[in-house]
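Visitor: Handing over model39.txt, compact mmCIF, C-alpha atoms.
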```
# COMPACT_ATOMS: atom_id res chain seq x y z
CA MET Y 656 0.00 0.00 0.00
CA THR Y 657 2.75 2.37 0.97
CA GLU Y 658 4.50 1.55 -2.29
CA LEU Y 659 1.33 2.31 -4.27
CA ILE Y 660 0.95 5.67 -2.59
CA HIS Y 661 4.62 6.38 -3.16
CA GLU Y 662 4.27 5.59 -6.87
CA ALA Y 663 1.18 7.79 -7.12
CA ASP Y 664 3.10 10.60 -5.45
CA LEU Y 665 5.90 10.20 -7.94
CA ASP Y 666 3.48 10.33 -10.86
CA HIS Y 667 2.08 13.66 -9.75
CA ALA Y 668 5.24 15.04 -8.25
CA HIS Y 669 6.39 18.52 -9.12
CA PRO Y 670 10.11 17.91 -9.27
CA GLU Y 671 10.83 21.55 -8.52
CA HIS Y 672 13.81 22.23 -6.34
CA GLU Y 673 12.58 23.83 -3.14
CA GLY Y 674 15.23 26.51 -3.15
CA THR Y 675 15.08 27.49 -6.81
CA GLY Y 676 11.45 26.90 -7.82
CA VAL Y 677 12.67 25.37 -11.08
CA GLU Y 678 12.39 21.72 -12.09
CA ASP Y 679 15.77 20.04 -11.63
CA ARG Y 680 15.90 18.66 -15.17
CA LYS Y 681 15.02 22.04 -16.63
CA LEU Y 682 17.71 23.74 -14.56
CA GLY Y 683 20.13 21.03 -15.72
CA MET Y 684 19.24 21.68 -19.36
CA TRP Y 685 19.79 25.45 -19.02
CA LEU Y 686 23.16 24.82 -17.35
CA PHE Y 687 24.12 22.37 -20.10
CA LEU Y 688 23.15 24.88 -22.80
CA SER Y 689 25.08 27.60 -20.98
CA SER Y 690 28.19 25.39 -21.03
CA GLU Y 691 27.67 24.77 -24.75
CA PHE Y 692 28.53 28.43 -25.38
CA LEU Y 693 32.10 27.58 -24.38
CA PHE Y 694 32.14 24.56 -26.70
CA PHE Y 695 30.89 26.40 -29.76
CA GLY Y 696 32.85 29.52 -28.80
CA ALA Y 697 36.05 27.46 -29.04
CA LEU Y 698 35.12 26.16 -32.49
CA ILE Y 699 34.10 29.60 -33.81
CA SER Y 700 37.30 31.15 -32.42
CA ASN Y 701 39.29 28.37 -34.06
CA TYR Y 702 37.68 29.22 -37.41
CA LEU Y 703 38.30 32.95 -36.95
CA LEU Y 704 41.97 32.27 -36.18
CA TYR Y 705 42.57 30.15 -39.24
CA SER Y 706 40.14 31.52 -41.83
CA GLN Y 707 42.53 34.23 -43.04
CA ARG Y 708 45.89 32.58 -42.44
CA PRO Y 709 47.67 32.72 -45.82
CA GLY Y 710 50.19 30.37 -47.36
CA PHE Y 711 48.14 27.20 -47.64
CA PRO Y 712 46.65 25.46 -50.69
CA GLN Y 713 43.36 26.89 -51.97
CA PRO Y 714 40.41 27.05 -51.94
CA TYR Y 715 39.57 28.72 -48.66
CA PRO Y 716 35.97 28.23 -47.45
CA ALA Y 717 35.12 31.93 -47.87
CA GLU Y 718 36.01 31.72 -51.58
CA ILE Y 719 33.39 29.08 -52.35
CA TYR Y 720 30.45 29.77 -50.04
CA ASP Y 721 27.08 29.58 -51.76
CA ILE Y 722 25.34 32.37 -49.83
CA PRO Y 723 21.88 32.03 -51.49
CA PHE Y 724 21.84 28.31 -50.68
CA THR Y 725 23.01 28.80 -47.07
CA SER Y 726 20.49 31.63 -46.62
CA VAL Y 727 17.68 29.23 -47.51
CA SER Y 728 19.12 26.62 -45.10
CA SER Y 729 19.24 29.27 -42.36
CA PHE Y 730 15.64 30.22 -43.08
CA VAL Y 731 14.60 26.55 -42.82
CA LEU Y 732 16.31 26.16 -39.43
CA LEU Y 733 14.82 29.44 -38.21
CA MET Y 734 11.33 28.27 -39.18
CA SER Y 735 11.93 24.98 -37.37
CA SER Y 736 12.19 27.05 -34.19
CA LEU Y 737 8.69 28.36 -34.94
CA THR Y 738 7.27 24.84 -35.41
CA MET Y 739 9.04 23.73 -32.21
CA VAL Y 740 7.52 26.50 -30.12
CA LEU Y 741 4.11 25.77 -31.68
CA ALA Y 742 4.50 22.10 -30.64
CA HIS Y 743 5.24 23.20 -27.08
CA ASN Y 744 2.33 25.61 -27.14
CA ALA Y 745 -0.02 22.87 -28.38
CA GLN Y 746 1.23 20.54 -25.63
CA THR Y 747 0.52 23.13 -22.90
CA ARG Y 748 -3.00 23.57 -24.36
CA GLU Y 749 -3.37 19.75 -24.23
CA ASP Y 750 -3.82 19.67 -28.01
CA ALA Y 751 -2.19 16.27 -28.65
CA ASN Y 752 -2.76 16.31 -32.41
CA GLY Y 753 -1.27 19.77 -32.74
CA ALA Y 754 1.78 18.85 -30.67
CA ARG Y 755 2.31 15.70 -32.73
CA THR Y 756 1.99 17.56 -36.05
CA TRP Y 757 4.34 20.40 -35.09
CA LEU Y 758 6.88 17.97 -33.63
CA PHE Y 759 6.98 16.09 -36.92
CA ALA Y 760 7.23 19.36 -38.87
CA THR Y 761 10.20 20.39 -36.72
CA ALA Y 762 11.96 17.07 -37.30
CA ALA Y 763 11.25 17.37 -41.04
CA LEU Y 764 12.68 20.91 -41.24
CA GLY Y 765 15.73 19.79 -39.23
CA SER Y 766 16.22 16.93 -41.70
CA VAL Y 767 15.99 19.36 -44.63
CA PHE Y 768 18.68 21.51 -42.99
CA LEU Y 769 20.90 18.42 -42.53
CA ALA Y 770 20.34 17.35 -46.14
CA GLY Y 771 21.42 20.85 -47.19
CA GLN Y 772 24.58 20.54 -45.13
CA VAL Y 773 25.41 17.15 -46.66
CA PHE Y 774 24.86 18.67 -50.12
CA GLU Y 775 27.10 21.64 -49.26
CA PHE Y 776 29.92 19.43 -47.93
CA THR Y 777 29.68 17.14 -50.98
CA GLU Y 778 29.81 20.12 -53.34
CA PHE Y 779 32.84 21.59 -51.55
CA ILE Y 780 34.71 18.28 -51.64
CA VAL Y 781 33.76 17.00 -55.11
CA GLU Y 782 33.41 20.20 -57.11
CA PHE Y 783 35.93 22.49 -55.38
CA ASP Y 784 38.31 19.88 -53.98
CA MET Y 785 38.26 21.49 -50.51
CA LYS Y 786 38.91 18.55 -48.22
CA LEU Y 787 39.30 18.43 -44.44
CA SER Y 788 43.10 18.58 -44.82
CA THR Y 789 43.32 21.10 -47.69
CA ASN Y 790 44.12 24.01 -45.36
CA PRO Y 791 43.57 24.95 -41.68
CA ALA Y 792 40.57 27.14 -42.61
CA ALA Y 793 38.84 24.18 -44.28
CA SER Y 794 39.56 21.97 -41.24
CA ALA Y 795 38.15 24.60 -38.90
CA PHE Y 796 35.10 25.09 -41.14
CA TYR Y 797 34.25 21.37 -41.34
CA LEU Y 798 34.88 20.93 -37.59
CA LEU Y 799 32.57 23.81 -36.62
CA THR Y 800 29.72 23.19 -39.07
CA GLY Y 801 30.08 19.41 -38.66
CA PHE Y 802 29.68 19.63 -34.89
CA HIS Y 803 26.70 21.92 -35.33
CA GLY Y 804 25.22 19.43 -37.80
CA THR Y 805 25.79 16.64 -35.26
CA HIS Y 806 23.83 18.67 -32.69
CA VAL Y 807 21.01 19.09 -35.23
CA ALA Y 808 21.04 15.33 -35.96
CA ILE Y 809 20.80 14.54 -32.23
CA GLY Y 810 17.92 17.01 -32.00
CA VAL Y 811 16.10 15.33 -34.91
CA ILE Y 812 16.50 11.93 -33.20
CA MET Y 813 15.06 13.34 -29.95
CA LEU Y 814 12.17 14.97 -31.84
CA LEU Y 815 11.33 11.77 -33.70
CA SER Y 816 11.50 9.81 -30.41
CA LEU Y 817 9.00 12.21 -28.83
CA TRP Y 818 6.85 12.03 -31.95
CA GLY Y 819 6.90 8.21 -31.71
CA ILE Y 820 5.86 8.38 -28.03
CA SER Y 821 3.10 10.87 -28.86
CA ARG Y 822 1.60 8.41 -31.38
CA ARG Y 823 1.18 5.71 -28.73
CA ARG Y 824 -2.04 5.39 -26.79
CA GLY Y 825 -2.14 8.03 -24.10
CA GLY Y 826 0.18 10.33 -26.08
CA LEU Y 827 2.53 12.67 -24.26
CA SER Y 828 1.97 12.63 -20.49
CA ASP Y 829 2.90 15.46 -18.12
CA ARG Y 830 6.34 13.92 -17.75
CA HIS Y 831 6.76 13.80 -21.53
CA GLY Y 832 5.47 17.36 -21.66
CA LEU Y 833 8.54 18.44 -19.73
CA ASN Y 834 10.64 16.32 -22.10
CA LEU Y 835 9.13 18.24 -25.00
CA GLU Y 836 10.00 21.52 -23.32
CA LEU Y 837 13.60 20.36 -22.73
CA VAL Y 838 14.00 19.14 -26.33
CA GLY Y 839 12.55 22.47 -27.42
CA LEU Y 840 15.16 24.39 -25.41
CA TYR Y 841 17.90 22.28 -26.99
CA TRP Y 842 16.46 22.85 -30.46
CA HIS Y 843 16.22 26.64 -30.06
CA PHE Y 844 19.79 26.67 -28.76
CA VAL Y 845 20.99 24.86 -31.90
CA ASP Y 846 19.14 27.56 -33.85
CA ILE Y 847 20.77 30.48 -32.03
CA ILE Y 848 24.20 28.94 -32.55
CA TRP Y 849 23.45 28.79 -36.28
CA ILE Y 850 22.42 32.46 -36.21
CA VAL Y 851 25.96 33.23 -35.00
CA ILE Y 852 27.64 30.81 -37.42
CA PHE Y 853 25.68 32.13 -40.41
CA THR Y 854 26.71 35.71 -39.67
CA VAL Y 855 30.30 35.24 -38.49
CA VAL Y 856 31.39 32.33 -40.68
CA TYR Y 857 29.38 32.86 -43.87
CA LEU Y 858 28.49 36.55 -44.15
CA LEU Y 859 31.49 38.22 -42.49
CA SER Y 860 34.28 35.83 -43.41
CA GLU Y 861 36.72 36.80 -46.15
CA PRO Y 862 39.55 34.79 -47.73
CA PRO Y 863 43.17 35.92 -47.16
CA LEU Y 864 44.38 38.70 -49.45
CA MET J 933 2.08 20.89 -14.89
CA SER J 934 5.46 22.47 -15.05
CA SER J 935 6.26 25.78 -13.41
CA SER J 936 6.51 27.50 -16.79
CA GLU J 937 2.87 26.75 -17.51
CA HIS J 938 1.82 29.14 -14.75
CA ILE J 939 3.39 31.95 -16.74
CA HIS J 940 1.67 33.76 -19.61
CA HIS J 941 3.45 32.79 -22.80
CA PRO J 942 2.85 34.37 -26.22
CA SER J 943 -0.05 33.04 -28.34
CA PRO J 944 0.50 31.02 -31.57
CA ALA J 945 -0.38 34.17 -33.57
CA GLN J 946 2.39 36.07 -31.74
CA TYR J 947 4.84 33.23 -32.46
CA TRP J 948 4.04 33.54 -36.18
CA LYS J 949 4.60 37.30 -36.04
CA ILE J 950 7.97 36.72 -34.36
CA ALA J 951 8.87 34.24 -37.13
CA VAL J 952 8.06 36.88 -39.76
CA VAL J 953 10.34 39.37 -37.95
CA LEU J 954 13.14 36.77 -37.85
CA ALA J 955 12.70 35.99 -41.55
CA VAL J 956 12.80 39.69 -42.45
CA LEU J 957 15.93 40.23 -40.34
CA THR J 958 17.62 37.30 -42.14
CA ALA J 959 16.65 38.76 -45.52
CA VAL J 960 18.10 42.15 -44.45
CA GLU J 961 21.33 40.43 -43.39
CA VAL J 962 21.71 38.78 -46.80
CA ALA J 963 20.86 42.08 -48.55
CA ILE J 964 23.58 43.87 -46.53
CA TYR J 965 26.06 41.13 -47.52
CA TYR J 966 25.40 41.83 -51.23
CA ILE J 967 25.37 45.62 -50.80
CA HIS J 968 28.76 45.37 -49.06
CA ARG J 969 30.14 43.30 -51.94
CA ASP J 970 29.22 46.01 -54.44
CA PHE J 971 29.68 49.22 -52.43
CA ASP J 972 32.15 48.29 -49.64
CA LEU J 973 30.47 49.44 -46.44
CA GLY J 974 33.74 48.97 -44.50
CA ASN J 975 33.42 48.36 -40.75
CA PHE J 976 29.79 49.48 -40.89
CA ASN J 977 29.04 46.12 -42.57
CA THR J 978 30.41 44.21 -39.54
CA VAL J 979 28.53 46.41 -37.08
CA LEU J 980 25.25 46.00 -38.99
CA LEU J 981 25.53 42.22 -39.42
CA ILE J 982 26.61 41.58 -35.82
CA GLY J 983 23.81 43.88 -34.60
CA LEU J 984 21.16 42.04 -36.64
CA ALA J 985 22.46 38.63 -35.52
CA ALA J 986 22.38 39.81 -31.90
CA LEU J 987 18.78 40.97 -32.35
CA LYS J 988 17.74 37.57 -33.78
CA PHE J 989 19.66 35.83 -30.98
CA VAL J 990 17.84 37.82 -28.29
CA ILE J 991 14.42 37.34 -29.92
CA VAL J 992 14.81 33.53 -30.09
CA ILE J 993 16.11 33.29 -26.51
CA GLY J 994 13.58 35.72 -25.08
CA TRP J 995 10.40 34.61 -26.85
CA TYR J 996 10.91 31.12 -28.28
CA MET J 997 12.98 29.84 -25.33
CA HIS J 998 10.72 31.90 -23.00
CA LEU J 999 13.69 33.18 -21.04
CA ARG J 1000 12.04 36.57 -20.48
CA PHE J 1001 9.08 34.82 -18.85
CA GLU J 1002 11.17 32.37 -16.80
CA ASN J 1003 12.70 32.33 -13.36
CA ARG J 1004 15.43 35.00 -13.16
CA MET J 1005 17.94 32.46 -11.95
CA LEU J 1006 17.81 30.73 -15.35
CA SER J 1007 18.52 34.04 -17.11
CA ARG J 1008 21.49 34.62 -14.83
CA PHE J 1009 22.98 31.17 -15.41
CA PHE J 1010 22.48 31.39 -19.17
CA THR J 1011 23.77 34.95 -19.47
CA ALA J 1012 26.76 34.09 -17.27
CA GLY J 1013 27.73 31.23 -19.62
CA PHE J 1014 27.38 33.49 -22.64
CA ILE J 1015 29.37 36.37 -21.13
CA LEU J 1016 32.07 33.98 -19.89
CA ALA J 1017 32.43 32.46 -23.38
CA CYS J 1018 32.50 35.89 -25.08
CA ALA J 1019 35.05 37.28 -22.64
CA LEU J 1020 37.28 34.22 -22.76
CA TYR J 1021 37.42 33.98 -26.55
CA THR J 1022 37.74 37.74 -27.02
CA ILE J 1023 40.84 37.65 -24.81
CA ILE J 1024 42.23 34.58 -26.59
CA LEU J 1025 41.61 35.99 -30.07
CA THR J 1026 43.06 39.35 -29.12
CA ALA J 1027 46.15 37.73 -27.63
CA LEU J 1028 46.72 35.41 -30.57
CA GLY J 1029 46.00 38.21 -33.02
CA ALA J 1030 48.61 40.37 -31.30
CA ILE J 1031 51.19 37.55 -31.48
CA ALA J 1032 50.55 37.11 -35.19
CA LEU J 1033 51.00 40.87 -35.77
CA THR J 1034 54.43 40.99 -34.11
CA ARG J 1035 55.85 38.11 -36.15
```
Write out the structure in this file as structure tokens.
Guide:
Amino acid sequence: MTELIHEADLDHAHPEHEGTGVEDRKLGMWLFLSSEFLFFGALISNYLLYSQRPGFPQPYPAEIYDIPFTSVSSFVLLMSSLTMVLAHNAQTREDANGARTWLFATAALGSVFLAGQVFEFTEFIVEFDMKLSTNPAASAFYLLTGFHGTHVAIGVIMLLSLWGISRRRGGLSDRHGLNLELVGLYWHFVDIIWIVIFTVVYLLSEPPL
Amino acid sequence: MSSSEHIHHPSPAQYWKIAVVLAVLTAVEVAIYYIHRDFDLGNFNTVLLIGLAALKFVIVIGWYMHLRFENRMLSRFFTAGFILACALYTIILTALGAIALTR
């Protein structure tokens, strides 16, 4: 009996930390995202250090960027943030169908972004012969955008997992609702990192003179 | 119910409006990139593009991540991480840039 009551308590527990008033997992996610600034900061700094260092074989990334194509990719990722926040909004309004639809739309837009990145990398390697080891700028570019792409891929997997859970009978419970919020935070973070990468790496970067 | 659900978040219509603003800002960024290529805006180009990116950054964090509606402690933690990263890498880049200049 005691165990039953204990389980029921757990089901309806508000896992908020008494001192902070914030759910522990949510606090953990914000701290994780905060630490990710250091991770991506290192990779962006690495690119900035090497993007204009002369004396290495060409091409440099800034010579071959396809800005119209990357602009469309950026737009797609930006719009995936909209679909993500709409999924969260639908979940808080207990609109299970809406949450499921917007979750799938977010995963689909994330996949389109990833497909664009694969296309871009393939074009750079096959058409322009800019490989990982061609020059330090190319290495830094692939490292930075590749790690960002990996984050997007992990996000897509988490979104599809949530979408799969939402299709089961009972859909997303309260506990899964928090999961959706946490995946949403992660997804928006990946988006804001791309906002920085798009501006600093693509729009502001110039090849060495 | 999570703690964030007690807070008034924007409506779906407001989220769409925010998306339009973000799309327009991205279009302006790309337009500035092409204007700079043809008319050389100098350092003004960097200021404009960084400013627009910062605006998009703040909008996504504030409205889509709901940070402006959340517990202040979360804002402090997140902002601290961001400021720490900016300060650290600004120092590193400045130092390494200075070394490269003296060689």
Visitor: Under the rule that only C-alpha atoms are counted, which of Y:Ser788, Y:Gln746, Y:Gln772, Y:Ser816 is the nearest residue to Glu836 of chain Y?
Guide: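 Answer, going by the shortest atom-to-atom distance: Y:Gln746.
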Visitor: Determine which residues of chain Y sit within 9 Å of chain J, taking into account all atoms listed in the file, and present them as a PyMOL selection string.
Guide: chain Y and resi 667+669-671+675-678+682+685-686+688-697+700-701+703-704+722-723+726+729-730+733-734+736-737+739-741+744-745+747+829-830+832-833+839-840+843-844+846-848+850-851+853-855+858-859
Visitor: Extract, using only C-alpha atoms, all DNA, RNA and protein residues at most 10 Å from Gly771 of chain Y, discarding same-chain residues fewer than 3 positions from it, and format them as a ChimeraX atom specification.
Guide: /Y:724-725,727-729,731,765-768,774-777
Visitor: So that I can see what lies close to Gly810 of chain Y, please list as number ranges by chain the residues with an atom at most 9 Å from it, counting all atoms listed in the file and leaving out residues fewer than 4 positions away in the same chain.
Guide: Y: 762, 765, 805-806, 814-815, 838-839, 841-842, 845
Visitor: Quick check, in Å to one decimal: how far apart do atom CA of Arg755 of chain Y and atom CA of Leu817 of chain Y lie?
Guide: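 Atom CA of Arg755 of chain Y sits 8.5 Å away from atom CA of Leu817 of chain Y.
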Visitor: Calculated over all atoms listed in the file, which of the candidates Y:Ser794, Y:Ser860, Y:Thr756, Y:Thr761 has the smallest distance to Ala808 of chain Y?
Guide: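 Of the candidates, the smallest distance to Ala808 of chain Y is held by Y:Thr761.
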Visitor: As an exercise, work out the distance from atom CA of Thr738 of chain Y to atom CA of Ala754 of chain Y in Å and give it to one decimal place.
Guide: 9.4 Å
Visitor: Report, in Å with one decimal, the straight-line distance from atom CA of Val960 of chain J to atom CA of Gln946 of chain J.
Guide: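 A separation of 21.1 Å between them.
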Visitor: Check the smallest atom-to-atom distance from each of Y:Gly683, Y:Pro709, Y:Gly753, Y:Gly819 to Leu837 of chain Y using all atoms listed in the file, then report the winner.
Guide: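 Among the listed residues, Y:Gly683 lies closest to Leu837 of chain Y.
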